[in-house]
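Novice: I'm passing along query22.pdb; it holds PDB, C-alpha atoms.
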```pdb
ATOM      1  CA  MET L 276      84.119 112.519 101.153
ATOM      2  CA  GLY L 277      87.268 110.831 102.465
ATOM      3  CA  TRP L 278      90.118 109.324 100.483
ATOM      4  CA  GLN L 279      88.633 105.836 100.998
ATOM      5  CA  ASP L 280      85.568 106.897  98.986
ATOM      6  CA  MET L 281      87.550 107.977  95.929
ATOM      7  CA  LYS L 282      87.204 105.712  92.927
ATOM      8  CA  THR L 283      90.497 106.438  91.129
ATOM      9  CA  LYS L 284      91.968 103.021  90.434
ATOM     10  CA  THR L 285      94.896 101.830  88.403
ATOM     11  CA  LYS L 286      96.175  98.416  87.411
ATOM     12  CA  ASP L 287      99.603  99.241  88.829
ATOM     13  CA  PRO L 288      99.615  98.495  92.576
ATOM     14  CA  LEU L 289     102.545 100.835  93.253
ATOM     15  CA  VAL L 290     100.811 103.747  91.535
ATOM     16  CA  GLN L 291      97.607 102.921  93.444
ATOM     17  CA  LYS L 292      99.529 102.969  96.716
ATOM     18  CA  VAL L 293     100.866 106.446  95.880
ATOM     19  CA  ILE L 294      97.392 107.711  94.892
ATOM     20  CA  ASP L 295      95.879 106.393  98.128
ATOM     21  CA  ARG L 296      98.675 107.848 100.199
ATOM     22  CA  ILE L 297      98.360 111.310  98.610
ATOM     23  CA  ALA L 298      94.574 111.294  99.107
ATOM     24  CA  LYS L 299      94.963 110.265 102.751
ATOM     25  CA  ARG L 300      97.577 112.989 103.312
ATOM     26  CA  SER L 301      95.276 115.538 101.677
ATOM     27  CA  ASP L 302      92.425 114.672 104.048
ATOM     28  CA  LYS L 303      94.789 114.984 107.003
ATOM     29  CA  GLY L 304      95.935 118.422 105.780
ATOM     30  CA  ILE L 305      92.366 119.607 105.262
ATOM     31  CA  LYS L 306      91.519 118.620 108.843
ATOM     32  CA  LYS L 307      94.666 120.251 110.223
ATOM     33  CA  TYR L 308      94.609 123.511 108.223
ATOM     34  CA  GLY L 309      90.909 123.862 107.392
ATOM     35  CA  ASN L 310      91.376 124.301 103.647
ATOM     36  CA  THR L 311      92.537 122.471 100.544
ATOM     37  CA  MET L 312      95.621 123.105  98.423
ATOM     38  CA  ALA L 313      93.288 124.680  95.858
ATOM     39  CA  THR L 314      91.914 127.177  98.387
ATOM     40  CA  SER L 315      95.192 127.959 100.156
ATOM     41  CA  LYS L 316      96.116 131.643 100.092
ATOM     42  CA  LYS L 317      99.916 131.357 100.253
ATOM     43  CA  GLY L 318     101.969 133.533  97.927
ATOM     44  CA  TYR L 319     104.589 132.401  95.418
ATOM     45  CA  VAL L 320     107.527 132.866  97.773
ATOM     46  CA  GLN L 321     105.762 130.943 100.533
ATOM     47  CA  TRP L 322     105.164 128.032  98.136
ATOM     48  CA  ILE L 323     108.797 128.097  97.034
ATOM     49  CA  ASN L 324     109.888 128.043 100.680
ATOM     50  CA  GLU L 325     107.583 125.076 101.355
ATOM     51  CA  VAL L 326     109.074 123.127  98.442
ATOM     52  CA  GLN L 327     112.636 123.959  99.510
ATOM     53  CA  GLU L 328     111.933 122.720 103.035
ATOM     54  CA  GLU L 329     110.334 119.509 101.753
ATOM     55  CA  LEU L 330     113.179 118.819  99.313
ATOM     56  CA  GLY L 331     115.775 119.559 101.975
ATOM     57  CA  ASP L 332     114.096 117.031 104.249
ATOM     58  CA  ALA L 333     113.962 114.528 101.376
ATOM     59  CA  ILE L 334     117.717 114.837 100.816
ATOM     60  CA  VAL L 335     118.372 114.178 104.503
ATOM     61  CA  TYR L 336     116.020 111.157 104.460
ATOM     62  CA  LEU L 337     117.764 109.746 101.374
ATOM     63  CA  GLU L 338     121.168 110.222 102.977
ATOM     64  CA  LYS L 339     119.917 108.294 106.016
ATOM     65  CA  VAL L 340     118.686 105.456 103.799
ATOM     66  CA  LYS L 341     122.076 105.368 102.054
ATOM     67  CA  SER L 342     123.784 105.043 105.432
ATOM     68  CA  LEU L 343     121.438 102.216 106.458
ATOM     69  CA  VAL L 344     121.787 100.196 103.263
ATOM     70  CA  GLY L 345     125.233 101.279 102.138
ATOM     71  CA  ALA L 346     126.893  97.938 102.855
ATOM     72  CA  LYS L 347     124.138  95.995 101.104
ATOM     73  CA  VAL L 348     124.233  98.314  98.095
ATOM     74  CA  GLU L 349     128.015  97.991  97.892
ATOM     75  CA  GLN L 350     127.630  94.202  97.980
ATOM     76  CA  HIS L 351     125.147  94.288  95.087
ATOM     77  CA  ILE L 352     127.362  96.639  93.123
ATOM     78  CA  HIS L 353     130.263  94.235  93.410
ATOM     79  CA  ILE L 354     128.010  91.374  92.293
ATOM     80  CA  ASP L 355     126.809  93.507  89.368
ATOM     81  CA  LYS L 356     130.402  94.284  88.392
ATOM     82  CA  ASP L 357     131.371  90.599  88.678
ATOM     83  CA  LEU L 358     128.487  89.761  86.325
ATOM     84  CA  GLY L 359     129.660  92.269  83.738
ATOM     85  CA  GLY L 360     127.598  95.277  84.831
ATOM     86  CA  GLY L 361     128.953  98.773  85.219
ATOM     87  CA  GLY L 362     129.608  98.630  88.967
ATOM     88  CA  GLY L 363     131.897 101.251  90.380
ATOM     89  CA  TYR L 364     129.176 103.390  91.982
ATOM     90  CA  ASP L 365     130.283 105.788  94.695
ATOM     91  CA  LEU L 366     127.581 106.343  97.318
ATOM     92  CA  ASN L 367     129.334 109.505  98.469
ATOM     93  CA  LYS L 368     128.979 111.243  95.084
ATOM     94  CA  TRP L 369     125.966 113.026  93.708
ATOM     95  CA  GLU L 370     124.687 110.821  90.884
ATOM     96  CA  GLY L 371     123.298 112.178  87.637
ATOM     97  CA  THR L 372     125.995 114.759  87.123
ATOM     98  CA  ASP L 373     128.042 115.015  83.972
ATOM     99  CA  PRO L 374     131.310 113.078  83.946
ATOM    100  CA  GLU L 375     134.308 115.168  84.852
TER     101      GLU L 375
END
```
Go ahead and express the file in the form of structure tokens.

Specialist:
Amino acid sequence: MGWQDMKTKTKDPLVQKVIDRIAKRSDKGIKKYGNTMATSKKGYVQWINEVQEELGDAIVYLEKVKSLVGAKVEQHIHIDKDLGGGGGYDLNKWEGTDPE
């Protein structure tokens, strides 16, 4: 059964897109590696290494996106500030950290 045959549906189109994408990626992995995530025989450390590699890649991808849209984001931030929003975001800082 391929991902197209799965009947999981949601009313939220963004969630549905994610579900479909994960199912499609799973089928691709099963073809490539010959097993499912459930039947994989990797150990704990191997799984941790996999996650670290994926998250490292994700950080690099996000940094690239910031560089591509930085000027547009800065423009929106200034508009937000002009309209009374918080503004003052620094794209070079790690967000979500406690104030200094």

Novice: By how many Å are CA of Ile297 (chain L) and CA of Gln321 (chain L) apart?

Specialist: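 So the answer is 21.1 Å.
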
Novice: Which value, in Å to one decimal, gives the distance between CA of Asn310 (chain L) and CA of Gln327 (chain L)?

Specialist: 21.7 Å

Novice: Have a look at CA of Lys284 (chain L) and CA of Thr314 (chain L) and let me know their distance in Å, one decimal.

Specialist: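 Answer for the CA of Lys284 (chain L) to CA of Thr314 (chain L) separation: 25.4 Å.
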
Novice: With distances taken over only C-alpha atoms, which of L:Gln291, L:Ser301, L:Ser342, L:Gln350 is nearest to Ala313 (chain L)?

Specialist: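 Smallest distance to Ala313 (chain L) is found for L:Ser301.
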